[in-house]
$ cat coords_7.cif   # mmCIF, C-alpha atoms
data_target
#
loop_
_atom_site.label_atom_id
_atom_site.label_comp_id
_atom_site.auth_asym_id
_atom_site.auth_seq_id
_atom_site.Cartn_x
_atom_site.Cartn_y
_atom_site.Cartn_z
CA VAL A 1 -12.76 26.17 -9.51
CA HIS A 2 -9.00 25.88 -9.60
CA LEU A 3 -6.57 23.44 -8.01
CA VAL A 4 -2.83 23.95 -8.44
CA GLU A 5 -0.28 21.45 -7.20
CA SER A 6 3.29 22.32 -6.30
CA GLY A 7 6.28 20.85 -4.51
CA GLY A 8 7.30 18.10 -6.90
CA GLY A 9 10.86 17.48 -7.93
CA LEU A 10 13.75 15.04 -8.00
CA ILE A 11 14.40 13.29 -4.71
CA ARG A 12 16.67 10.44 -3.69
CA PRO A 13 15.27 7.13 -2.46
CA GLY A 14 14.52 7.32 1.25
CA GLY A 15 13.98 11.05 1.08
CA SER A 16 10.96 13.15 1.97
CA LEU A 17 8.87 15.66 0.07
CA ARG A 18 5.80 17.75 0.75
CA LEU A 19 3.27 18.43 -1.99
CA SER A 20 0.77 21.25 -1.78
CA CYS A 21 -2.48 21.92 -3.58
CA ALA A 22 -3.70 25.51 -3.60
CA THR A 23 -7.37 25.98 -4.35
CA SER A 24 -9.76 28.75 -5.27
CA GLY A 25 -13.24 29.29 -6.63
CA PHE A 26 -15.18 27.17 -4.16
CA THR A 27 -15.93 26.83 -0.46
CA PHE A 28 -12.91 24.74 0.43
CA SER A 29 -14.14 23.58 3.82
CA SER A 30 -17.26 22.00 2.27
CA TYR A 31 -15.49 19.42 0.09
CA SER A 32 -13.50 16.29 0.60
CA LEU A 33 -10.27 16.01 -1.39
CA ASN A 34 -8.02 13.34 -2.79
CA TRP A 35 -4.55 12.71 -4.13
CA VAL A 36 -4.24 10.55 -7.23
CA ARG A 37 -0.99 9.62 -8.94
CA GLN A 38 0.07 8.35 -12.33
CA ALA A 39 3.42 6.69 -12.93
CA PRO A 40 5.01 7.37 -16.33
CA GLY A 41 3.10 5.52 -19.02
CA ARG A 42 0.79 3.91 -16.47
CA GLY A 43 -2.77 4.26 -15.28
CA LEU A 44 -4.33 6.24 -12.45
CA GLU A 45 -3.79 5.19 -8.86
CA TRP A 46 -5.79 6.68 -6.01
CA VAL A 47 -3.46 7.61 -3.13
CA ALA A 48 -5.32 9.30 -0.28
CA TYR A 49 -8.61 10.90 0.81
CA ILE A 50 -9.45 13.51 3.43
CA SER A 51 -12.95 14.55 4.41
CA SER A 52 -14.13 18.16 4.44
CA SER A 53 -13.41 18.58 8.16
CA GLY A 54 -10.24 16.52 8.07
CA SER A 55 -11.66 14.03 10.54
CA THR A 56 -11.73 11.08 8.13
CA ILE A 57 -8.65 9.98 6.22
CA TYR A 58 -7.95 6.97 4.02
CA TYR A 59 -4.78 5.78 2.29
CA ALA A 60 -3.88 3.32 -0.41
CA GLU A 61 -2.06 0.29 0.97
CA SER A 62 0.99 1.20 -1.11
CA VAL A 63 1.55 4.47 0.80
CA ARG A 64 0.04 3.83 4.23
CA GLY A 65 2.52 4.62 6.98
CA ARG A 66 4.73 6.67 4.66
CA PHE A 67 2.41 9.39 3.33
CA THR A 68 0.30 11.84 5.35
CA ILE A 69 -2.57 13.84 3.90
CA SER A 70 -3.69 17.03 5.63
CA ARG A 71 -5.64 20.17 4.95
CA ASP A 72 -5.87 23.75 6.16
CA ASN A 73 -9.43 25.04 5.96
CA VAL A 74 -8.25 28.59 6.68
CA GLN A 75 -5.58 28.71 3.97
CA ASN A 76 -7.72 26.63 1.58
CA SER A 77 -4.88 24.24 0.93
CA LEU A 78 -4.27 20.53 0.80
CA SER A 79 -0.95 18.81 1.51
CA LEU A 80 0.67 15.43 1.06
CA ARG A 81 3.71 14.69 3.18
CA MET A 82 5.70 11.86 1.61
CA THR A 83 8.49 10.07 3.48
CA SER A 84 10.66 6.99 2.84
CA LEU A 85 10.23 7.59 -0.87
CA ARG A 86 10.84 4.72 -3.27
CA ALA A 87 11.48 4.54 -6.99
CA GLU A 88 7.95 3.21 -7.46
CA ASP A 89 6.56 6.47 -6.02
CA THR A 90 7.75 8.25 -9.16
CA ALA A 91 4.62 9.72 -10.72
CA VAL A 92 2.62 12.81 -11.54
CA TYR A 93 0.58 13.61 -8.45
CA TYR A 94 -2.84 15.19 -8.88
CA CYS A 95 -5.13 16.70 -6.28
CA ALA A 96 -8.81 16.23 -7.02
CA ARG A 97 -12.01 17.49 -5.44
CA ALA A 98 -14.72 14.98 -4.57
CA TYR A 99 -18.31 15.99 -5.21
CA GLY A 100 -21.65 14.80 -3.99
CA GLY A 101 -22.81 11.65 -2.30
CA ASN A 102 -21.20 9.60 -5.03
CA ALA A 103 -17.90 11.42 -4.33
CA TYR A 104 -16.71 11.43 -7.89
CA PHE A 105 -13.70 13.58 -8.71
CA ASP A 106 -15.16 16.61 -10.46
CA PHE A 107 -12.16 18.95 -10.59
CA TRP A 108 -8.48 18.09 -10.88
CA GLY A 109 -5.26 20.04 -10.74
CA GLN A 110 -2.69 19.93 -13.54
CA GLY A 111 -0.38 17.67 -11.55
CA THR A 112 3.16 17.88 -10.17
CA LEU A 113 5.91 15.40 -11.04
CA VAL A 114 7.77 13.55 -8.32
CA ALA A 115 10.84 11.64 -9.50
CA VAL A 116 12.56 9.34 -7.03
CA SER A 117 16.00 8.39 -8.26
CA SER A 118 19.58 8.18 -7.08
CA ILE B 1 -12.37 -3.64 -4.81
CA GLU B 2 -10.66 -4.50 -8.10
CA MET B 3 -11.84 -2.81 -11.28
CA THR B 4 -11.20 -4.58 -14.58
CA GLN B 5 -11.69 -2.81 -17.87
CA SER B 6 -11.89 -4.32 -21.31
CA PRO B 7 -10.53 -3.98 -23.81
CA SER B 8 -7.23 -2.38 -22.74
CA SER B 9 -6.90 -0.81 -26.20
CA LEU B 10 -9.26 -0.22 -29.06
CA SER B 11 -9.08 1.30 -32.51
CA ALA B 12 -12.19 2.79 -34.08
CA SER B 13 -13.11 4.80 -37.16
CA VAL B 14 -14.95 8.10 -37.12
CA GLY B 15 -18.66 7.35 -36.81
CA ASP B 16 -18.18 3.93 -35.17
CA ARG B 17 -20.05 2.89 -32.06
CA VAL B 18 -17.59 2.17 -29.25
CA THR B 19 -18.25 0.24 -26.05
CA ILE B 20 -15.89 -0.09 -23.09
CA SER B 21 -16.66 -2.46 -20.25
CA CYS B 22 -15.78 -2.28 -16.58
CA ARG B 23 -16.27 -5.05 -14.05
CA ALA B 24 -16.03 -4.68 -10.28
CA SER B 25 -14.84 -7.55 -8.09
CA GLN B 26 -17.85 -6.98 -5.80
CA SER B 27 -21.05 -4.99 -5.95
CA ILE B 28 -20.55 -1.23 -5.94
CA SER B 29 -24.20 -0.32 -6.39
CA ARG B 30 -24.22 2.72 -8.69
CA ASN B 31 -20.96 4.24 -7.43
CA LEU B 32 -19.20 4.00 -10.78
CA ASN B 33 -17.63 6.92 -12.60
CA TRP B 34 -15.92 7.34 -15.98
CA TYR B 35 -13.02 9.66 -16.76
CA GLN B 36 -11.35 10.68 -19.97
CA GLN B 37 -7.67 11.55 -20.09
CA LYS B 38 -6.00 13.05 -23.11
CA ARG B 39 -2.25 12.85 -23.55
CA GLY B 40 -0.38 15.15 -21.19
CA LYS B 41 -3.54 16.38 -19.48
CA ALA B 42 -5.30 15.75 -16.20
CA PRO B 43 -8.28 13.39 -16.27
CA GLN B 44 -11.77 14.84 -16.63
CA VAL B 45 -14.97 13.25 -15.41
CA LEU B 46 -17.38 12.26 -18.17
CA ILE B 47 -20.04 10.35 -16.28
CA SER B 48 -20.80 9.93 -12.59
CA ALA B 49 -23.05 7.48 -10.79
CA VAL B 50 -23.16 5.11 -13.78
CA SER B 51 -25.14 7.30 -16.15
CA SER B 52 -25.12 11.00 -15.14
CA LEU B 53 -23.50 12.92 -17.96
CA GLN B 54 -21.39 15.81 -16.73
CA SER B 55 -22.08 19.34 -17.94
CA GLY B 56 -20.44 20.00 -21.29
CA VAL B 57 -19.91 16.35 -22.17
CA PRO B 58 -21.37 15.50 -25.60
CA SER B 59 -24.52 13.42 -25.63
CA ARG B 60 -22.81 10.72 -27.73
CA PHE B 61 -21.33 9.49 -24.43
CA SER B 62 -23.52 7.32 -22.21
CA GLY B 63 -23.13 4.89 -19.34
CA THR B 64 -25.14 1.92 -18.10
CA GLY B 65 -24.90 -0.86 -15.57
CA SER B 66 -25.30 -1.68 -11.91
CA GLY B 67 -23.83 -3.95 -9.28
CA THR B 68 -20.66 -5.30 -10.84
CA PHE B 69 -20.87 -4.71 -14.59
CA PHE B 70 -20.82 -1.34 -16.32
CA THR B 71 -20.35 0.02 -19.82
CA LEU B 72 -19.36 3.30 -21.41
CA THR B 73 -20.66 3.82 -24.94
CA ILE B 74 -19.77 6.39 -27.56
CA THR B 75 -22.53 6.26 -30.15
CA SER B 76 -20.52 7.89 -32.94
CA MET B 77 -16.75 8.12 -32.54
CA GLN B 78 -15.26 11.55 -33.19
CA PRO B 79 -11.60 12.48 -33.70
CA GLU B 80 -11.51 14.37 -30.40
CA ASP B 81 -12.51 11.19 -28.53
CA HIS B 82 -8.98 9.82 -28.98
CA ALA B 83 -7.99 9.39 -25.33
CA THR B 84 -7.63 6.92 -22.47
CA TYR B 85 -10.78 6.11 -20.52
CA TYR B 86 -10.88 4.98 -16.90
CA CYS B 87 -13.66 3.64 -14.77
CA GLN B 88 -13.50 4.24 -11.02
CA GLN B 89 -15.47 3.01 -8.05
CA SER B 90 -16.36 5.47 -5.29
CA PHE B 91 -18.27 2.91 -3.23
CA SER B 92 -15.56 2.34 -0.63
CA PRO B 93 -11.89 3.17 -0.13
CA PRO B 94 -9.48 2.53 -1.72
CA TYR B 95 -11.26 4.31 -4.58
CA THR B 96 -9.80 2.14 -7.29
CA PHE B 97 -9.54 2.86 -10.98
CA GLY B 98 -9.64 0.41 -13.83
CA GLN B 99 -6.40 -0.05 -15.74
CA GLY B 100 -7.61 2.17 -18.57
CA THR B 101 -8.73 1.71 -22.17
CA ASN B 102 -6.66 3.44 -24.82
CA LEU B 103 -9.01 4.50 -27.62
CA GLU B 104 -7.36 5.33 -30.91
CA ILE B 105 -8.63 6.60 -34.23
CA GLN B 106 -8.32 4.08 -37.02
#
$ encode --input "coords_7.cif" --output "structure tokens"
Amino acid sequence: VHLVESGGGLIRPGGSLRLSCATSGFTFSSYSLNWVRQAPGRGLEWVAYISSSGSTIYYAESVRGRFTISRDNVQNSLSLRMTSLRAEDTAVYYCARAYGGNAYFDFWGQGTLVAVSS
Amino acid sequence: IEMTQSPSSLSASVGDRVTISCRASQSISRNLNWYQQKRGKAPQVLISAVSSLQSGVPSRFSGTGSGTFFTLTITSMQPEDHATYYCQQSFSPPYTFGQGTNLEIQ
């Protein structure tokens, strides 16, 4: 199982960015997925969830209305569209697979850094 | 659901027994998971559903609890256990994490 994030970078406040998570080694369409972020020197913050079919989506209050999670079950990829970016969105963003009825995060990517600064 | 860990930092010697607590602001049944994160790395799951040890995780790690109070125990601290530990509830979204416990070697 591999998850590899990409798309991070330096962006000005108010800007937009799209993160991607490429996956391999498992039946992508069978698993729900999440984005989790970690601001520099801070703890983990769950950001968004998408079910295996894409029909159920949840967001953290801090990003609702600004971020959009989506998936492509043909390309085996996960995305996070981020708009109206703020300095407080600066973080390493991880994609993580959820497993089982308990939906714990069993595999994580290495993360991609998003820095929001003027 | 708010997750509160204690302590936020801890220093232990090799061979010590270490216990980290996690309290949920409401009942989360057994939907409690523990992760370990080493510096500069992605988190890794240690324990799911309160007490299910993940494959490859040493047996010195164990978890207990139910409802709102949970603990992670390391029976004999090892140098490689130097890391930050997070609890997380997967009972209902948002799937909140505790603030983390930084475990250092004394």
$ closest_residue --input "coords_7.cif" --among "B:Thr73, B:Ser25, B:Ser11, B:Gln36" --to "chain A" --atoms "only C-alpha atoms"
B:Gln36
$ atom_distance --input "coords_7.cif" --atom1 "CA of Phe69 (chain B)" --atom2 "CA of Ser21 (chain B)"
7.4 Å
$ residues_near_point --input "coords_7.cif" --point "(-10.4, 3.6, -17.0)" --cutoff "7 Å" --atoms "all atoms listed in the file" --output "list in words"
Gln5, Trp34, Tyr35, Thr84, Tyr85, Tyr86, Cys87, Gln88, Phe97, Gly98, Gln99, Gly100 and Thr101 of chain B
$ resolve_selection --input "coords_7.cif" --expression "the PyMOL selection byres ((chain A) within 10 of (chain B))" --output "ChimeraX atom specification"
/A:34,36,38,42-49,57-61,92-96,98-111
$ atom_distance --input "coords_7.cif" --atom1 "CA of Arg12 (chain A)" --atom2 "CA of Asp72 (chain A)"
28.0 Å
$ resolve_selection --input "coords_7.cif" --expression "the PyMOL selection byres ((chain A and resi 76-86) around 7)" --output "list in words"
Pro13, Gly14, Gly15, Ser16, Leu17, Arg18, Leu19, Ser20, Cys21, Ala22, Thr23, Phe28, Arg66, Phe67, Thr68, Ile69, Ser70, Arg71, Asp72, Asn73, Val74, Gln75, Ala87, Glu88, Asp89 and Val116 of chain A
$ atom_distance --input "coords_7.cif" --atom1 "CA of Cys22 (chain B)" --atom2 "CA of Ile1 (chain B)"
12.3 Å
$ resolve_selection --input "coords_7.cif" --expression "the PyMOL selection byres ((chain B and resi 76) around 6)" --output "VMD selection string"
chain B and resid 15 to 17 74 to 75 77
$ write_last_selection --input "coords_7.cif" --atoms "C-alpha atoms" --output "compact mmCIF listing (two decimals), keeping the file's coordinate frame"
# COMPACT_ATOMS: atom_id res chain seq x y z
CA GLY B 15 -18.66 7.35 -36.81
CA ASP B 16 -18.18 3.93 -35.17
CA ARG B 17 -20.05 2.89 -32.06
CA ILE B 74 -19.77 6.39 -27.56
CA THR B 75 -22.53 6.26 -30.15
CA MET B 77 -16.75 8.12 -32.54
$ closest_residue --input "coords_7.cif" --among "B:Arg39, B:Leu72, B:Ser9, B:Gln78" --to "Arg23 (chain B)" --atoms "all atoms listed in the file"
B:Leu72
$ closest_residue --input "coords_7.cif" --among "B:Ala83, B:Leu53, B:Gln26, B:Glu104" --to "Ser66 (chain B)" --atoms "all atoms listed in the file"
B:Gln26
$ closest_residue --input "coords_7.cif" --among "A:Thr90, A:Thr112, A:Ser29, A:Ser53" --to "Gly41 (chain A)" --atoms "only C-alpha atoms"
A:Thr90
$ residues_around --input "coords_7.cif" --residues "Gly67 (chain B)" --least-positions-apart "6" --cutoff "7 Å" --atoms "all atoms listed in the file" --output "list of chain:residue names"
B:Ser27, B:Ile28, B:Ser29, B:Arg30
